[in-house]
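**Student:** Sharing structure.cif, mmCIF, C-alpha atoms:
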data_target
loop_
_atom_site.label_atom_id
_atom_site.label_comp_id
_atom_site.auth_asym_id
_atom_site.auth_seq_id
_atom_site.Cartn_x
_atom_site.Cartn_y
_atom_site.Cartn_z
CA MET A 1 36.27 13.24 -17.97
CA ALA A 2 39.35 14.64 -16.23
CA ILE A 3 42.43 12.51 -15.79
CA PRO A 4 42.80 12.28 -11.99
CA TYR A 5 46.60 12.66 -11.67
CA LYS A 6 49.46 14.37 -13.46
CA SER A 7 52.82 12.67 -13.78
CA ASN A 8 54.05 14.32 -10.57
CA HIS A 9 51.03 12.87 -8.74
CA ARG A 10 49.24 16.19 -8.23
CA VAL A 11 45.44 16.01 -8.40
CA ILE A 12 44.02 17.91 -11.39
CA ASP A 13 40.50 18.37 -10.02
CA THR A 14 39.83 19.59 -6.51
CA GLN A 15 39.25 16.70 -4.18
CA TRP A 16 38.42 16.70 -0.50
CA ASP A 17 39.29 14.57 2.49
CA ASP A 18 38.79 14.97 6.20
CA ILE A 19 40.86 14.94 9.35
CA ARG A 20 38.85 13.01 11.89
CA ILE A 21 39.04 13.66 15.61
CA VAL A 22 37.13 10.89 17.34
CA PRO A 23 35.95 11.59 20.90
CA GLY A 24 38.54 9.16 22.28
CA ALA A 25 41.22 11.63 21.10
CA PHE A 26 39.73 14.59 22.98
CA ASP A 27 41.64 16.12 25.88
CA PHE A 28 39.55 17.11 28.90
CA PRO A 29 40.34 20.28 30.86
CA GLY A 30 38.90 18.83 34.07
CA ASN A 31 36.42 21.47 35.21
CA SER A 32 33.81 21.46 32.43
CA ASP A 33 34.11 18.02 30.87
CA PRO A 34 31.28 16.40 28.92
CA SER A 35 29.72 13.32 30.55
CA LEU A 36 30.12 9.82 29.19
CA ALA A 37 26.50 8.72 28.69
CA ASP A 38 24.68 5.57 27.66
CA TRP A 39 23.23 5.65 24.15
CA GLN A 40 20.93 2.90 22.91
CA PRO A 41 19.74 3.69 19.37
CA GLY A 42 16.13 2.71 18.85
CA GLY A 43 15.77 1.91 22.56
CA GLU A 44 16.96 -1.68 22.19
CA GLY A 45 20.03 -3.69 21.29
CA ALA A 46 23.51 -2.78 22.45
CA THR A 47 24.20 0.25 24.62
CA PHE A 48 27.07 2.49 23.49
CA LYS A 49 28.96 5.26 25.29
CA LEU A 50 29.02 8.78 23.84
CA TYR A 51 30.04 12.13 25.29
CA GLU A 52 27.04 14.34 25.98
CA PHE A 53 27.61 18.08 26.27
CA ALA A 54 25.94 20.37 28.77
CA GLU A 55 26.13 24.09 28.05
CA ALA A 56 29.73 25.26 28.70
CA ASP A 57 31.19 21.72 28.47
CA GLU A 58 34.42 21.70 26.47
CA VAL A 59 37.20 19.54 25.10
CA THR A 60 40.54 20.47 23.59
CA ILE A 61 42.10 19.08 20.43
CA THR A 62 45.34 19.28 18.49
CA VAL A 63 45.40 18.65 14.73
CA GLN A 64 48.25 18.51 12.20
CA LEU A 65 47.53 19.14 8.51
CA PRO A 66 48.62 16.15 6.43
CA HIS A 67 51.07 16.23 3.52
CA SER A 68 48.18 15.75 1.08
CA TYR A 69 46.75 19.17 2.11
CA LYS A 70 46.47 21.69 -0.75
CA GLN A 71 48.49 24.50 0.79
CA GLY A 72 46.74 27.83 1.31
CA THR A 73 43.19 26.48 1.03
CA ASP A 74 40.49 26.92 3.67
CA LEU A 75 39.57 24.26 6.22
CA LYS A 76 35.93 23.38 6.90
CA PRO A 77 35.33 22.27 10.52
CA HIS A 78 32.02 20.67 11.55
CA VAL A 79 30.45 18.45 14.18
CA HIS A 80 28.81 15.05 13.71
CA TRP A 81 26.38 14.56 16.58
CA THR A 82 23.08 13.01 17.66
CA PRO A 83 20.17 14.21 19.78
CA GLY A 84 19.81 10.64 21.06
CA ASP A 85 16.23 9.97 22.10
CA ARG A 86 15.50 13.74 22.34
CA GLY A 87 15.18 14.36 18.59
CA SER A 88 11.42 14.88 18.49
CA GLU A 89 11.27 16.77 21.80
CA GLU A 90 14.05 19.15 20.74
CA ASN A 91 12.82 19.55 17.14
CA GLY A 92 13.84 22.96 15.76
CA ASN A 93 16.03 23.86 18.74
CA THR A 94 19.63 24.94 18.25
CA VAL A 95 22.76 23.38 19.71
CA ALA A 96 25.43 26.10 19.83
CA TRP A 97 28.62 24.18 19.00
CA LYS A 98 31.63 26.54 18.89
CA LEU A 99 35.33 26.20 18.14
CA ASP A 100 38.07 28.49 19.42
CA TYR A 101 41.31 27.83 17.52
CA THR A 102 44.75 29.03 16.60
CA ILE A 103 46.74 27.54 13.71
CA ILE A 104 50.15 28.18 12.19
CA SER A 105 52.65 26.60 9.79
CA PRO A 106 55.93 25.15 11.10
CA VAL A 107 58.28 27.72 12.71
CA GLY A 108 55.47 30.32 12.72
CA ILE A 109 54.29 32.20 15.81
CA TYR A 110 50.82 31.40 17.12
CA LEU A 111 48.39 34.32 17.28
CA ALA A 112 45.43 34.85 19.61
CA SER A 113 42.57 32.43 19.05
CA THR A 114 39.68 32.97 16.65
CA ASN A 115 36.14 31.65 17.06
CA VAL A 116 34.01 29.83 14.50
CA ASP A 117 30.30 29.08 14.98
CA LEU A 118 29.31 25.47 14.20
CA SER A 119 25.76 25.66 15.60
CA ASP A 120 23.17 23.26 14.25
CA THR A 121 19.40 22.80 14.47
CA VAL A 122 17.75 19.56 15.62
CA THR A 123 15.92 18.02 12.66
CA GLY A 124 13.30 16.28 14.80
CA THR A 125 14.23 12.61 14.55
CA ASP A 126 15.39 10.51 17.48
CA HIS A 127 18.90 9.02 17.11
CA GLN A 128 19.52 10.99 13.88
CA HIS A 129 23.13 11.34 12.71
CA GLU A 130 23.20 15.13 12.52
CA LEU A 131 25.89 16.66 10.32
CA GLY A 132 26.33 20.28 11.36
CA PRO A 133 27.10 23.05 8.89
CA SER A 134 30.75 23.69 8.12
CA GLY A 135 32.50 26.78 9.39
CA THR A 136 35.54 28.24 7.64
CA ILE A 137 39.12 28.49 8.85
CA SER A 138 41.23 30.59 6.51
CA GLY A 139 44.02 28.67 4.82
CA THR A 140 46.01 31.78 3.96
CA GLY A 141 49.68 31.01 4.63
CA LEU A 142 49.03 27.46 5.83
CA GLU A 143 51.36 24.67 4.70
CA VAL A 144 51.61 20.94 5.28
CA SER A 145 52.33 20.11 8.94
CA SER A 146 50.56 23.26 10.18
CA ILE A 147 49.20 22.57 13.65
CA MET A 148 45.86 23.74 14.98
CA VAL A 149 45.11 23.85 18.69
CA GLY A 150 41.41 24.08 19.45
CA ARG A 151 38.75 24.25 22.11
CA LEU A 152 35.43 22.66 21.06
CA TYR A 153 32.49 23.51 23.30
CA ARG A 154 28.77 24.04 23.64
CA ASP A 155 28.01 27.71 24.21
CA SER A 156 25.03 29.06 26.15
CA THR A 157 24.70 32.00 23.75
CA GLY A 158 22.23 31.05 21.04
CA ASP A 159 21.64 27.54 22.42
CA THR A 160 17.92 26.71 22.68
CA TRP A 161 18.15 22.98 23.57
CA ALA A 162 15.39 22.80 26.20
CA THR A 163 16.18 19.86 28.48
CA ASP A 164 19.78 20.30 29.56
CA THR A 165 19.90 17.55 32.19
CA VAL A 166 22.05 14.42 32.49
CA GLY A 167 20.94 11.85 29.93
CA ASN A 168 19.06 14.46 27.87
CA ARG A 169 21.88 16.36 26.19
CA PRO A 170 23.27 16.38 22.62
CA MET A 171 26.06 13.85 22.05
CA ILE A 172 29.10 14.16 19.79
CA LEU A 173 29.88 11.35 17.37
CA GLU A 174 32.96 13.02 15.86
CA PHE A 175 34.56 16.37 15.03
CA ASP A 176 36.38 16.78 11.76
CA LEU A 177 37.89 19.21 9.27
CA HIS A 178 37.31 18.93 5.54
CA PHE A 179 40.33 20.01 3.53
CA GLU A 180 41.31 20.20 -0.14
CA VAL A 181 43.78 17.65 -1.49
CA ASP A 182 46.23 18.14 -4.37
CA GLY A 183 48.25 14.94 -4.16
CA HIS A 184 49.10 11.92 -2.07
CA GLY A 185 51.83 13.69 -0.13
CA SER A 186 54.68 16.19 -0.24
CA ASP A 187 57.61 16.32 -2.65
CA THR A 188 60.18 16.08 0.17
CA GLU A 189 59.92 14.97 3.78
CA LEU A 190 59.02 18.48 4.98
CA ALA A 191 57.71 20.51 2.04
CA LYS A 192 55.75 20.70 -1.20
CA ASN A 193 57.22 22.43 -4.29
#
Starting from the file, lay out its structure as structure tokens.
**Tutor:**
Amino acid sequence: MAIPYKSNHRVIDTQWDDIRIVPGAFDFPGNSDPSLADWQPGGEGATFKLYEFAEADEVTITVQLPHSYKQGTDLKPHVHWTPGDRGSEENGNTVAWKLDYTIISPVGIYLASTNVDLSDTVTGTDHQHELGPSGTISGTGLEVSSIMVGRLYRDSTGDTWATDTVGNRPMILEFDLHFEVDGHGSDTELAKN
């Protein structure tokens, strides 16, 4: 069994964590915003509010890599979502979640955005917590405090969700990025050795 930490607090084995972007932290561009919809799991009990996405609906996000980030390693973005009460009706259909992003380390120059496909297939169960497949964002050259600016949206290309009407759309629970960890933080306020 590996000893989890060296004396300088670096993790010996690869470990993972995630940066969570809850829907309340989304920014809305104003012309293609998702709708805040009622969601009542199981059809009874409390009613919750979730953002449901029509095709072409989008949100924007800004994310900073924490000081525990293992510099230079890839990020793994993915969507947590639910089909609500449309799970069985939409069984086997695809929701084309996409992410346009640009990311750079401090004092770097942002480049044109890149796209990553986060599409997922409905598994056929109402109110299922769907965990979409992870995409990959290259970590080459990334350091702690790198900042990603992103546009998360539902694309019409490749999307086969059949009933795209209010109250019948896929709903996001959360968007997050898995990242490798090599310690609790950085060696100085601004950098790792």
**Student:** Nearest residue to Pro106 in chain A out of A:Val22, A:Ala191, A:Ala162, A:Val122, using only C-alpha atoms?
**Tutor:**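 Nearest candidate to Pro106 in chain A out of A:Val22, A:Ala191, A:Ala162, A:Val122: A:Ala191.
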**Student:** Could you check how far CA of Thr47 in chain A sits from CA of Gly84 in chain A, in Å to one decimal?
**Tutor:**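 Interatomic distance here is 11.8 Å.
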**Student:** Could you give me, as a Markdown table, a per-residue list for range 5-78 of chain A showing, wherever an atom lies at most 6 Å from an atom of range 169-173 of chain A, the closest pair of atoms and their distance in Å to one decimal, using all atoms listed in the file and sorting by chain then residue number from low to high?
**Tutor:**
| residue | atom | partner | partner_atom | distance |
| --- | --- | --- | --- | --- |
| A:Tyr51 | CA | A:Met171 | CA | 5.4 |
| A:Glu52 | CA | A:Met171 | CA | 4.1 |
| A:Phe53 | CA | A:Pro170 | CA | 5.9 |
**Student:** How close does each residue of range 11-110 of chain A get to range 129-142 of chain A, giving the shortest atom pair and distance in Å to one decimal for every residue with an atom at most 7 Å away, counting all atoms listed in the file, sorted by chain and residue number, as a tab-separated table?
**Tutor:**
residue	atom	partner	partner_atom	distance
A:Gln71	CA	A:Leu142	CA	5.9
A:Gly72	CA	A:Gly139	CA	4.5
A:Thr73	CA	A:Gly139	CA	4.5
A:Asp74	CA	A:Gly139	CA	4.1
A:Leu75	CA	A:Ile137	CA	5.0
A:Lys76	CA	A:Thr136	CA	4.9
A:Pro77	CA	A:Ser134	CA	5.4
A:His78	CA	A:Ser134	CA	4.7
A:Val79	CA	A:Gly132	CA	5.3
A:His80	CA	A:Leu131	CA	4.8
A:Trp81	CA	A:Glu130	CA	5.2
A:Thr82	CA	A:His129	CA	5.2
A:Ile104	CA	A:Leu142	CA	6.5
A:Ser105	CA	A:Leu142	CA	5.4
**Student:** I'd like the residues picked by the PyMOL selection byres ((chain A and resi 31-33) around 9) written out as a list of chain:residue names, using the chain letters and numbers from the file.
**Tutor:**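 Written out, the selection comes to A:Phe28, A:Pro29, A:Gly30, A:Pro34, A:Ser35, A:Phe53, A:Ala54, A:Ala56, A:Asp57, A:Glu58, A:Val59.
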**Student:** Step by step, work through what the PyMOL selection byres ((chain A and resi 190) around 10) selects in the shown file, and finish by giving those residues as a VMD selection string.
**Tutor:** chain A and resid 67 106 143 to 145 186 to 189 191 to 192
